[in-house]
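Containing mmCIF, C-alpha atoms: final13.cif.
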```
data_coords
#
loop_
_atom_site.group_PDB
_atom_site.id
_atom_site.type_symbol
_atom_site.label_atom_id
_atom_site.label_comp_id
_atom_site.auth_asym_id
_atom_site.auth_seq_id
_atom_site.Cartn_x
_atom_site.Cartn_y
_atom_site.Cartn_z
ATOM 1 C CA MET A 1 -2.578 -42.515 34.328
ATOM 2 C CA ILE A 2 -1.274 -42.906 37.899
ATOM 3 C CA ARG A 3 -4.752 -43.978 39.063
ATOM 4 C CA ARG A 4 -4.765 -46.710 36.407
ATOM 5 C CA ARG A 5 -1.308 -47.845 37.469
ATOM 6 C CA LEU A 6 -2.328 -47.995 41.138
ATOM 7 C CA SER A 7 -5.456 -50.008 40.364
ATOM 8 C CA VAL A 8 -3.432 -52.526 38.364
ATOM 9 C CA LEU A 9 -0.865 -52.640 41.158
ATOM 10 C CA SER A 10 -3.477 -53.345 43.855
ATOM 11 C CA THR A 11 -5.126 -56.037 41.701
ATOM 12 C CA SER A 12 -1.815 -57.823 41.193
ATOM 13 C CA ILE A 13 -1.106 -57.696 44.931
ATOM 14 C CA ILE A 14 -4.517 -59.190 45.827
ATOM 15 C CA ARG A 15 -4.177 -61.930 43.234
ATOM 16 C CA SER A 16 -0.684 -62.837 44.360
ATOM 17 C CA SER A 17 -1.802 -63.142 48.015
ATOM 18 C CA THR A 18 -4.398 -65.810 47.131
ATOM 19 C CA HIS A 19 -1.864 -68.078 45.386
ATOM 20 C CA SER A 20 -0.455 -70.984 47.335
ATOM 21 C CA LYS A 21 3.032 -70.265 46.004
ATOM 22 C CA PRO A 22 4.329 -66.814 46.701
ATOM 23 C CA ILE A 23 5.783 -65.143 43.670
ATOM 24 C CA LEU A 24 8.534 -63.343 45.562
ATOM 25 C CA ARG A 25 10.125 -64.653 48.718
ATOM 26 C CA CYS A 26 12.648 -62.532 50.538
ATOM 27 C CA PRO A 27 13.530 -61.971 54.183
ATOM 28 C CA SER A 28 13.346 -58.189 53.855
ATOM 29 C CA ILE A 29 12.780 -55.602 51.137
ATOM 30 C CA GLN A 30 13.187 -51.869 50.897
ATOM 31 C CA PHE A 31 9.729 -50.386 50.304
ATOM 32 C CA GLN A 32 9.107 -46.663 50.415
ATOM 33 C CA PRO A 33 6.357 -45.912 47.933
ATOM 34 C CA PHE A 34 5.394 -42.386 48.980
ATOM 35 C CA GLN A 35 7.972 -41.273 51.575
ATOM 36 C CA LEU A 36 10.159 -38.231 51.366
ATOM 37 C CA PRO A 37 13.962 -38.486 51.788
ATOM 38 C CA HIS A 38 13.880 -36.595 55.107
ATOM 39 C CA SER A 39 11.197 -38.900 56.568
ATOM 40 C CA PRO A 40 12.350 -40.820 59.696
ATOM 41 C CA ASN A 41 11.095 -44.119 58.242
ATOM 42 C CA ALA A 42 12.541 -43.572 54.790
ATOM 43 C CA ASN A 43 15.161 -46.323 55.154
ATOM 44 C CA ARG A 44 13.077 -48.680 57.278
ATOM 45 C CA SER A 45 13.435 -52.345 56.313
ATOM 46 C CA ILE A 46 10.135 -54.186 55.904
ATOM 47 C CA SER A 47 10.085 -57.922 56.380
ATOM 48 C CA CYS A 48 8.089 -60.174 54.107
ATOM 49 C CA TYR A 49 6.764 -62.050 57.129
ATOM 50 C CA GLU A 50 5.590 -58.839 58.823
ATOM 51 C CA PHE A 51 3.106 -58.227 55.967
ATOM 52 C CA PRO A 52 2.140 -61.575 54.426
ATOM 53 C CA ASP A 53 -0.073 -59.889 51.831
ATOM 54 C CA PHE A 54 3.039 -58.368 50.237
ATOM 55 C CA GLN A 55 4.711 -61.722 49.581
ATOM 56 C CA GLY A 56 3.585 -61.570 45.998
ATOM 57 C CA PHE A 57 4.564 -57.925 45.471
ATOM 58 C CA ARG A 58 6.204 -57.262 42.132
ATOM 59 C CA ALA A 59 8.371 -54.294 41.307
ATOM 60 C CA TYR A 60 6.037 -52.172 39.214
ATOM 61 C CA SER A 61 6.927 -48.701 37.916
ATOM 62 C CA LEU A 62 4.339 -45.966 37.640
ATOM 63 C CA LEU A 63 6.062 -44.703 34.436
ATOM 64 C CA SER A 64 6.716 -46.708 31.292
ATOM 65 C CA LEU A 65 8.283 -45.923 27.947
ATOM 66 C CA ASN A 66 4.978 -45.776 26.086
ATOM 67 C CA ASP A 67 3.874 -42.889 28.340
ATOM 68 C CA LEU A 68 6.807 -40.640 27.367
ATOM 69 C CA ARG A 69 5.942 -37.897 24.892
ATOM 70 C CA ASP A 70 7.367 -34.663 23.602
ATOM 71 C CA LYS A 71 6.525 -31.313 25.100
ATOM 72 C CA VAL A 72 3.745 -30.413 22.696
ATOM 73 C CA PRO A 73 0.541 -28.477 23.329
ATOM 74 C CA ARG A 74 -2.253 -30.788 24.374
ATOM 75 C CA LYS A 75 -4.970 -28.664 22.815
ATOM 76 C CA GLN A 76 -5.932 -30.223 19.520
ATOM 77 C CA PRO A 77 -6.861 -28.043 16.528
ATOM 78 C CA THR A 78 -10.561 -27.580 15.898
ATOM 79 C CA ARG A 79 -11.866 -29.804 13.093
ATOM 80 C CA LYS A 80 -14.647 -27.947 11.343
ATOM 81 C CA GLY A 81 -17.353 -29.437 9.195
ATOM 82 C CA ARG A 82 -17.257 -32.903 10.795
ATOM 83 C CA GLY A 83 -20.849 -33.287 11.954
ATOM 84 C CA ILE A 84 -23.193 -31.495 14.325
ATOM 85 C CA GLY A 85 -21.873 -33.416 17.331
ATOM 86 C CA SER A 86 -18.605 -31.518 17.215
ATOM 87 C CA GLY A 87 -20.302 -28.133 17.523
ATOM 88 C CA LYS A 88 -18.517 -26.919 14.409
ATOM 89 C CA GLY A 89 -20.402 -28.847 11.776
ATOM 90 C CA LYS A 90 -22.600 -27.730 8.901
ATOM 91 C CA THR A 91 -21.818 -23.991 8.776
ATOM 92 C CA ALA A 92 -18.512 -24.518 10.674
ATOM 93 C CA GLY A 93 -19.064 -21.512 12.931
ATOM 94 C CA ARG A 94 -19.657 -19.049 10.065
ATOM 95 C CA GLY A 95 -23.397 -18.688 10.492
ATOM 96 C CA HIS A 96 -25.984 -18.456 7.686
ATOM 97 C CA LYS A 97 -25.294 -16.525 4.508
ATOM 98 C CA GLY A 98 -23.718 -13.140 4.369
ATOM 99 C CA GLN A 99 -20.334 -11.837 3.298
ATOM 100 C CA ARG A 100 -18.423 -13.443 6.166
ATOM 101 C CA ALA A 101 -20.060 -16.824 5.605
ATOM 102 C CA ARG A 102 -18.676 -17.001 2.078
ATOM 103 C CA LYS A 103 -15.202 -16.678 0.682
ATOM 104 C CA GLY A 104 -14.478 -13.353 2.348
ATOM 105 C CA ILE A 105 -13.028 -10.052 1.247
ATOM 106 C CA LYS A 106 -9.683 -9.003 -0.145
ATOM 107 C CA LEU A 107 -6.999 -7.494 2.039
ATOM 108 C CA GLY A 108 -7.526 -3.781 2.617
ATOM 109 C CA PHE A 109 -11.252 -3.728 1.785
ATOM 110 C CA GLU A 110 -13.179 -1.476 4.193
ATOM 111 C CA GLY A 111 -16.774 -2.085 3.185
ATOM 112 C CA GLY A 112 -16.878 0.331 0.261
ATOM 113 C CA GLN A 113 -15.377 3.437 1.817
ATOM 114 C CA THR A 114 -12.061 4.785 0.617
ATOM 115 C CA PRO A 115 -9.404 2.458 2.024
ATOM 116 C CA LEU A 116 -6.463 3.693 4.040
ATOM 117 C CA ARG A 117 -3.943 3.116 1.255
ATOM 118 C CA ARG A 118 -5.821 5.640 -0.865
ATOM 119 C CA ARG A 119 -6.539 8.140 1.899
ATOM 120 C CA VAL A 120 -2.877 8.556 2.812
ATOM 121 C CA PRO A 121 -1.042 10.938 0.438
ATOM 122 C CA LYS A 122 1.884 9.714 -1.623
ATOM 123 C CA ARG A 123 5.382 10.568 -0.502
ATOM 124 C CA GLY A 124 8.532 10.459 -2.586
ATOM 125 C CA PHE A 125 9.167 8.330 -5.653
ATOM 126 C CA LYS A 126 11.448 5.584 -6.904
ATOM 127 C CA ASN A 127 13.771 6.635 -9.685
ATOM 128 C CA PRO A 128 13.764 3.890 -12.357
ATOM 129 C CA PHE A 129 16.982 5.268 -13.864
ATOM 130 C CA SER A 130 19.046 5.234 -10.650
ATOM 131 C CA LEU A 131 22.347 3.349 -10.705
ATOM 132 C CA THR A 132 24.033 1.509 -7.846
ATOM 133 C CA PHE A 133 27.824 1.380 -7.867
ATOM 134 C CA GLN A 134 29.996 -0.344 -5.294
ATOM 135 C CA PRO A 135 32.629 2.073 -3.902
ATOM 136 C CA ILE A 136 36.179 0.700 -3.746
ATOM 137 C CA GLY A 137 39.125 2.740 -2.461
ATOM 138 C CA LEU A 138 42.620 2.763 -3.871
ATOM 139 C CA GLY A 139 43.977 1.640 -0.502
ATOM 140 C CA ARG A 140 41.993 -1.588 -0.712
ATOM 141 C CA ILE A 141 43.297 -2.297 -4.198
ATOM 142 C CA ALA A 142 46.867 -1.598 -3.028
ATOM 143 C CA LYS A 143 46.363 -4.043 -0.149
ATOM 144 C CA PHE A 144 45.393 -6.840 -2.544
ATOM 145 C CA ILE A 145 48.309 -5.987 -4.841
ATOM 146 C CA ASN A 146 50.751 -6.250 -1.924
ATOM 147 C CA ALA A 147 49.186 -9.581 -0.951
ATOM 148 C CA GLY A 148 49.842 -10.921 -4.457
ATOM 149 C CA LYS A 149 46.162 -11.414 -5.336
ATOM 150 C CA ILE A 150 46.206 -8.768 -8.102
ATOM 151 C CA ASP A 151 48.899 -8.375 -10.758
ATOM 152 C CA SER A 152 49.614 -4.671 -11.168
ATOM 153 C CA SER A 153 51.402 -5.214 -14.489
ATOM 154 C CA GLU A 154 48.117 -6.219 -16.163
ATOM 155 C CA LEU A 155 44.981 -4.245 -16.771
ATOM 156 C CA ILE A 156 42.815 -4.223 -13.638
ATOM 157 C CA THR A 157 39.181 -4.604 -14.650
ATOM 158 C CA MET A 158 36.059 -5.288 -12.635
ATOM 159 C CA LYS A 159 36.501 -8.958 -13.511
ATOM 160 C CA THR A 160 39.971 -8.846 -11.923
ATOM 161 C CA LEU A 161 38.543 -7.270 -8.774
ATOM 162 C CA LYS A 162 35.825 -9.894 -8.552
ATOM 163 C CA ASP A 163 38.222 -12.826 -8.960
ATOM 164 C CA ALA A 164 40.472 -11.361 -6.256
ATOM 165 C CA GLY A 165 37.570 -11.030 -3.818
ATOM 166 C CA VAL A 166 37.417 -7.243 -3.742
ATOM 167 C CA LEU A 167 33.880 -6.921 -5.098
ATOM 168 C CA GLY A 168 30.792 -7.766 -3.077
ATOM 169 C CA LYS A 169 27.112 -8.065 -3.878
ATOM 170 C CA GLN A 170 26.495 -4.316 -4.148
ATOM 171 C CA SER A 171 27.962 -4.019 -7.636
ATOM 172 C CA LYS A 172 24.641 -3.986 -9.479
ATOM 173 C CA ASP A 173 25.700 -1.466 -12.108
ATOM 174 C CA GLY A 174 29.483 -1.417 -11.716
ATOM 175 C CA VAL A 175 32.290 -0.062 -9.549
ATOM 176 C CA ARG A 176 33.056 3.467 -8.403
ATOM 177 C CA LEU A 177 36.757 4.087 -7.743
ATOM 178 C CA MET A 178 37.286 6.206 -4.627
ATOM 179 C CA GLY A 179 40.356 8.087 -3.421
ATOM 180 C CA ARG A 180 40.568 6.495 0.037
ATOM 181 C CA GLY A 181 44.104 5.313 0.662
ATOM 182 C CA SER A 182 45.516 7.026 -2.419
ATOM 183 C CA GLU A 183 48.854 7.591 -0.660
ATOM 184 C CA GLN A 184 49.496 3.824 -0.852
ATOM 185 C CA ILE A 185 49.597 3.871 -4.664
ATOM 186 C CA LYS A 186 53.307 4.338 -5.467
ATOM 187 C CA TRP A 187 53.529 2.437 -8.748
ATOM 188 C CA PRO A 188 51.678 2.812 -12.083
ATOM 189 C CA ILE A 189 48.444 0.829 -12.386
ATOM 190 C CA HIS A 190 45.868 0.783 -15.174
ATOM 191 C CA LEU A 191 42.184 0.346 -14.340
ATOM 192 C CA GLU A 192 38.822 0.081 -16.075
ATOM 193 C CA VAL A 193 35.857 0.939 -13.857
ATOM 194 C CA SER A 194 32.377 2.406 -14.241
ATOM 195 C CA ARG A 195 32.941 5.661 -12.335
ATOM 196 C CA VAL A 196 35.917 7.392 -10.752
ATOM 197 C CA THR A 197 36.269 10.373 -8.443
ATOM 198 C CA VAL A 198 38.531 13.330 -9.190
ATOM 199 C CA ARG A 199 40.824 12.551 -6.260
ATOM 200 C CA ALA A 200 41.277 8.918 -7.305
ATOM 201 C CA LYS A 201 41.990 9.818 -10.925
ATOM 202 C CA GLU A 202 44.607 12.401 -9.960
ATOM 203 C CA ALA A 203 46.317 9.938 -7.597
ATOM 204 C CA VAL A 204 46.532 7.186 -10.240
ATOM 205 C CA GLU A 205 47.784 9.533 -12.968
ATOM 206 C CA ALA A 206 50.343 11.046 -10.584
ATOM 207 C CA ALA A 207 51.812 7.570 -10.089
ATOM 208 C CA GLY A 208 52.073 7.068 -13.861
ATOM 209 C CA GLY A 209 48.923 4.994 -14.349
ATOM 210 C CA SER A 210 45.599 5.590 -16.040
ATOM 211 C CA VAL A 211 41.879 5.092 -15.360
ATOM 212 C CA ARG A 212 39.235 4.525 -17.997
ATOM 213 C CA ARG A 213 35.501 4.801 -17.407
ATOM 214 C CA VAL A 214 33.753 2.076 -19.369
ATOM 215 C CA TYR A 215 30.042 1.405 -19.845
ATOM 216 C CA TYR A 216 28.324 -1.955 -19.320
ATOM 217 C CA ASN A 217 24.614 -2.535 -19.185
ATOM 218 C CA LYS A 218 23.221 -5.175 -16.824
ATOM 219 C CA LEU A 219 23.596 -8.002 -19.336
ATOM 220 C CA GLY A 220 27.076 -6.864 -20.331
ATOM 221 C CA LEU A 221 28.157 -6.617 -16.691
ATOM 222 C CA ARG A 222 26.989 -10.172 -16.091
ATOM 223 C CA ALA A 223 28.918 -11.328 -19.142
ATOM 224 C CA LEU A 224 31.987 -9.553 -17.789
ATOM 225 C CA LEU A 225 31.807 -10.872 -14.222
ATOM 226 C CA LYS A 226 30.289 -14.311 -14.866
ATOM 227 C CA PRO A 227 31.133 -15.537 -18.379
ATOM 228 C CA GLU A 228 30.801 -19.136 -17.187
ATOM 229 C CA TRP A 229 27.058 -18.561 -16.780
ATOM 230 C CA PHE A 230 26.699 -18.135 -20.548
ATOM 231 C CA GLU A 231 28.842 -21.208 -21.218
ATOM 232 C CA LYS A 232 26.677 -23.260 -18.867
ATOM 233 C CA LYS A 233 23.521 -22.124 -20.679
ATOM 234 C CA GLY A 234 25.098 -22.724 -24.068
ATOM 235 C CA ARG A 235 24.833 -19.071 -25.095
ATOM 236 C CA LEU A 236 27.235 -16.691 -26.768
ATOM 237 C CA LEU A 237 28.530 -13.609 -25.021
ATOM 238 C CA PRO A 238 26.420 -10.561 -25.895
ATOM 239 C CA LYS A 239 27.825 -7.655 -27.829
ATOM 240 C CA ALA A 240 28.879 -4.538 -25.978
ATOM 241 C CA ALA A 241 26.009 -2.078 -25.669
ATOM 242 C CA ARG A 242 26.301 1.631 -26.242
ATOM 243 C CA PRO A 243 25.469 3.956 -23.357
ATOM 244 C CA PRO A 244 22.265 5.995 -23.401
ATOM 245 C CA PRO A 245 22.566 9.664 -24.422
ATOM 246 C CA LYS A 246 22.372 10.941 -20.838
ATOM 247 C CA GLN A 247 25.346 8.805 -19.776
ATOM 248 C CA LYS A 248 27.487 9.465 -22.820
ATOM 249 C CA ASP A 249 29.429 12.257 -21.135
ATOM 250 C CA LYS A 250 30.034 10.168 -17.986
ATOM 251 C CA VAL A 251 31.997 7.360 -19.665
ATOM 252 C CA ASP A 252 35.112 7.266 -21.822
ATOM 253 C CA SER A 253 34.430 4.185 -23.931
ATOM 254 C CA ILE A 254 32.264 1.127 -24.318
ATOM 255 C CA GLY A 255 33.197 -1.925 -22.299
ATOM 256 C CA ARG A 256 34.816 -4.856 -24.075
ATOM 257 C CA LEU A 257 33.791 -8.499 -23.879
ATOM 258 C CA PRO A 258 35.467 -10.671 -22.857
ATOM 259 C CA ALA A 259 37.442 -8.644 -20.351
ATOM 260 C CA PRO A 260 40.897 -7.558 -21.631
ATOM 261 C CA THR A 261 43.994 -8.568 -19.691
ATOM 262 C CA LYS A 262 46.692 -6.410 -21.337
ATOM 263 C CA PRO A 263 47.699 -3.013 -19.990
ATOM 264 C CA ILE A 264 46.281 0.104 -21.603
ATOM 265 C CA PRO A 265 49.622 1.434 -22.926
ATOM 266 C CA PHE A 266 50.042 -1.738 -24.979
ATOM 267 C CA LEU A 267 46.584 -1.326 -26.479
ATOM 268 C CA VAL A 268 47.141 2.320 -27.311
ATOM 269 C CA GLU A 269 50.070 1.472 -29.585
ATOM 270 C CA THR A 270 47.934 -0.891 -31.713
ATOM 271 C CA THR A 271 44.723 1.065 -32.023
ATOM 272 C CA LYS A 272 43.441 -0.972 -34.983
ATOM 273 C CA ASP A 273 43.145 -4.029 -32.723
ATOM 274 C CA LEU A 274 40.728 -2.191 -30.437
ATOM 275 C CA PRO A 275 37.213 -3.594 -30.853
ATOM 276 C CA VAL A 276 35.683 -0.354 -29.575
ATOM 277 C CA GLN A 277 36.978 3.166 -30.102
ATOM 278 C CA PRO A 278 36.623 5.921 -27.499
ATOM 279 C CA PHE A 279 33.986 8.553 -28.031
ATOM 280 C CA SER A 280 34.983 11.579 -30.085
#
```
File written out as structure tokens:
Amino acid sequence: MIRRRLSVLSTSIIRSSTHSKPILRCPSIQFQPFQLPHSPNANRSISCYEFPDFQGFRAYSLLSLNDLRDKVPRKQPTRKGRGIGSGKGKTAGRGHKGQRARKGIKLGFEGGQTPLRRRVPKRGFKNPFSLTFQPIGLGRIAKFINAGKIDSSELITMKTLKDAGVLGKQSKDGVRLMGRGSEQIKWPIHLEVSRVTVRAKEAVEAAGGSVRRVYYNKLGLRALLKPEWFEKKGRLLPKAARPPPKQKDKVDSIGRLPAPTKPIPFLVETTKDLPVQPFS
């Protein structure tokens, strides 16, 4: 590029010297094309009459805007199958016939021998019946009650915890109430959760409250936490599902939909209004 610029520059200088009228007339110009700043002649003034051939010199830059480009790799991708002149035409570098010249093989194929994924023994298993509960301590609930985000006079359900910002994304199958920070519970609260530890239950009952373990399947838990999703889809809320036989002794009752907002003592007095009765 610089060679092309220099050739154009020299041609313009020669042409301008042959004209009768000089293109640029000046008593002196500053001209240092290839001199370093520490050169003794870097600031030397050159007179137009000292070099008559430079009377027609035009200011010409070796760099223009159309030469600017991004910092991209200059190596172009190989275009295969574009003629024999490219060197990658016809067979495109795959050779003639054979397994590698065609579509290829699937991932993990080792030519017919037993692949590695079958040679290595199995280890462990994934339990399809495992449940994932999000642990929440009593101290965290007390912190939100003191901040005014949870009303302790109403029934605290998993929907209440989600609206207050206590629940995260780990609550796939419900909430497990833990006893961390149980000394901060000094007033009666009523809760409905999926699981509860012995320490947490004793702390809540000692303060005059109660804890109920309720069962929700995955669809019922979604209806409890996100009822607006069913309204957006134009669907009705599903009915509460009964727990499987192996979980029947781990819960106290079936979850109710939509989520109740009244305290448990109020519901106990009017048992005929309960949609679901506790297990016998």
Which distance in Å separates CA of Gly181 in chain A and CA of Arg140 in chain A, to one decimal? 7.3 Å
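Among the candidates A:Glu202, A:Glu231, A:Asp163, A:Glu192, the residue lying nearest to Arg256 in chain A is A:Glu192 (atoms considered: only C-alpha atoms).
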So which residues touch range 209-215 of chain A within 8 Å, counting all atoms listed in the file, skipping near sequence neighbours fewer than 6 positions away, as a list in words? Trp187, Pro188, Ile189, His190, Leu191, Glu192, Val193, Ser194, Arg195, Val196, Lys201, Ala241, Arg242, Pro243, Lys250, Val251, Asp252, Ser253, Ile254, Gly255 and Ile264 of chain A
On this structure, which residues satisfy the PyMOL selection byres ((chain A and resi 144-149) around 9), written as a VMD selection string? chain A and resid 139 to 143 150 to 152 163 to 166
Write to file, as a PDB file, in the frame of the given file, the residues of the selection just made, with C-alpha atoms.
```
ATOM      1  CA  GLY A 139      43.977   1.640  -0.502  1.00  0.00           C
ATOM      2  CA  ARG A 140      41.993  -1.588  -0.712  1.00  0.00           C
ATOM      3  CA  ILE A 141      43.297  -2.297  -4.198  1.00  0.00           C
ATOM      4  CA  ALA A 142      46.867  -1.598  -3.028  1.00  0.00           C
ATOM      5  CA  LYS A 143      46.363  -4.043  -0.149  1.00  0.00           C
ATOM      6  CA  ILE A 150      46.206  -8.768  -8.102  1.00  0.00           C
ATOM      7  CA  ASP A 151      48.899  -8.375 -10.758  1.00  0.00           C
ATOM      8  CA  SER A 152      49.614  -4.671 -11.168  1.00  0.00           C
ATOM      9  CA  ASP A 163      38.222 -12.826  -8.960  1.00  0.00           C
ATOM     10  CA  ALA A 164      40.472 -11.361  -6.256  1.00  0.00           C
ATOM     11  CA  GLY A 165      37.570 -11.030  -3.818  1.00  0.00           C
ATOM     12  CA  VAL A 166      37.417  -7.243  -3.742  1.00  0.00           C
TER      13      VAL A 166
END
```
Gap from CA of Met158 in chain A to CA of Lys126 in chain A - Å, one decimal: 27.5 Å
